[in-house]
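Chemist: Okay, handing you the structure first.
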Amino acid sequence: MRDPYSVLGVAKSAGESEIKKAFRKLAKQYHPDQNKDDPEAQQRFAEVNQAYEIVGDKEKRAQFDRGEIDAEGKPRFQSHGFEGFSGYEDFGGAGGARGFKGAAGGGGAGFDDILNDIFGSFGGARGGRARSGAGAGAGPGAGFSGFAGGGAQTRAAPKAKGRNAEIVARVSLEDIVNSGKTQVTLPSGKTVNVTLPKGVEEGEKIRLKGQGYPGENGGPAGDAMVEVRLKPHKLFEVKGSDLILDLPLTLYEAVLGAKVRTPTLTGAVNLTIPENASSGKTMRLKGKGLPTKTGGHGDLLVRLQIVMPPHRDEELDTLMRAWREITPYRARGPEFD
């Protein structure tokens with residue numbers, strides 16, 4: 001045990017109020033309820049308690065200053081033998097000399113009152129009053145987090161479940177339709193395949209039990225919460241369980257009709273384009289969309305987009321001028337008038 005004055009950070013000439021102020025500050029700083037995961041702070045708290053038991057009590061402080069007791073409140077055996085200590089049989093006990101008054105008793109330091117003032121709102125207070133010890137030798141703050149007699153009797157910390165891990169999974173449309181799985185990396189660094197539920201949607205979360213951050217003091221691990229985010233696709237737009245595809249057509253394919261190779265998530269198919277197809281017309285490929293929650297699949301909606309030749313063509317210009325004169329038609333309804 002270090003010199004109690006050094007522990008409290010006060011000079012030997014310090015007055016009672018200065019000692020009391022130093023103790024309040026340190027006790028609040030190192031109290032176990034404030035430092036549950038810091039064993040060093042808990043030991044420091046015990047040391048501060050023991051130091052105040054000595055210098056916070058007038059009688060014990062005087063005995064310490066005269067060299068009659070040590071920093072733990074135990075008698076120093078003088079060279080003239082045991083007879084100098086008539087009350088020797090009373091010494092000993094947890095955290096101090098039972099032959100001396102406890103800090104909560106004599107000396108006017110009011111140890112219990114000080115702790116109650118500091119920690120009245122903490123879990124260490126019961127019924128608005130701090131629990132001290134069972135007797136004068138119990139030591140200061142004996143009722144707080146298992147500290148008795150200034151010794152570092154650490155209370156077994158409660159088990160606590162670990163935190164949940166929030167993970168974002170970037171999922172491709174191909175993964176949803178073909179494999180039904182996606183890969184994620186857990187807090188442990190391990191990479192696992194996660195099965196996607198049927199009809200999974202953007203923003204949906206999948207819980208992986210026990211795959212989060214480890215628990216404290218042997219407690220169970222938290223869960224991994226995997227949030228599904230859909231990767232943008234270069235061809236398909238998602239609308240619920242349906243997919244939308246813009247299919248470019250040449251002018252002659254739109255006029256004369258054709259079979260056009262059309263991509264889907266499960267492979268390309270030949271789509272029959274009817275004659276005289278207008279740009280913006282939507283054709284439906286059933287069952288070529290995303291899985292639904294009921295076990296089926298949505299559809300692929302194909303929007304036709306007529307694309308003009310990349311360069312001007314004189315013959316096409318001549319044909320269009322003649323067509324305009326001979327066979328004019330309205331492309332826009334009356335709402336555009």
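Letters A, B, ... mark the chains of the structure tokens in the order given; residue numbers begin at 1 per chain; ligand numbers begin at 1, in order shown.
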Ala165 of chain A: which residues within 6 Å, counting only C-alpha atoms, same-chain residues fewer than 3 positions away excluded, as a ChimeraX atom specification?
Modeler: /A:212,224-225
Chemist: Once you have the residues from the selection above, write them out as a PDB file, in the first residue's frame, restricted to N, CA, C and O atoms.
Modeler:
```pdb
ATOM      1  N   GLY A 212     -22.764 -11.805 -34.812  1.00  0.00           N
ATOM      2  CA  GLY A 212     -22.361 -10.410 -34.614  1.00  0.00           C
ATOM      3  C   GLY A 212     -21.100 -10.324 -33.783  1.00  0.00           C
ATOM      4  O   GLY A 212     -20.238 -11.216 -33.807  1.00  0.00           O
ATOM      5  N   ALA A 224     -25.877 -10.782 -36.646  1.00  0.00           N
ATOM      6  CA  ALA A 224     -25.502 -10.009 -37.828  1.00  0.00           C
ATOM      7  C   ALA A 224     -26.777  -9.657 -38.573  1.00  0.00           C
ATOM      8  O   ALA A 224     -27.555 -10.537 -38.923  1.00  0.00           O
ATOM      9  N   MET A 225     -27.002  -8.367 -38.789  1.00  0.00           N
ATOM     10  CA  MET A 225     -28.181  -7.897 -39.511  1.00  0.00           C
ATOM     11  C   MET A 225     -27.746  -7.504 -40.915  1.00  0.00           C
ATOM     12  O   MET A 225     -27.063  -6.493 -41.109  1.00  0.00           O
TER      13      MET A 225
END
```
Chemist: Compile the contact shell of segment 305-318 of chain A as a VMD selection string: residues with an atom at most 12 Å away, counting only C-alpha atoms, same-chain residues fewer than 4 positions apart removed.
Modeler: chain A and resid 245 to 255 273 276 to 283 322 to 325
Chemist: Just checking: using only C-alpha atoms, which residue out of A:Lys286, A:Lys198, A:Arg303, A:Lys205 ends up closest to Leu235 of chain A?
Modeler: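 Of the candidates, the smallest distance to Leu235 of chain A is held by A:Arg303.
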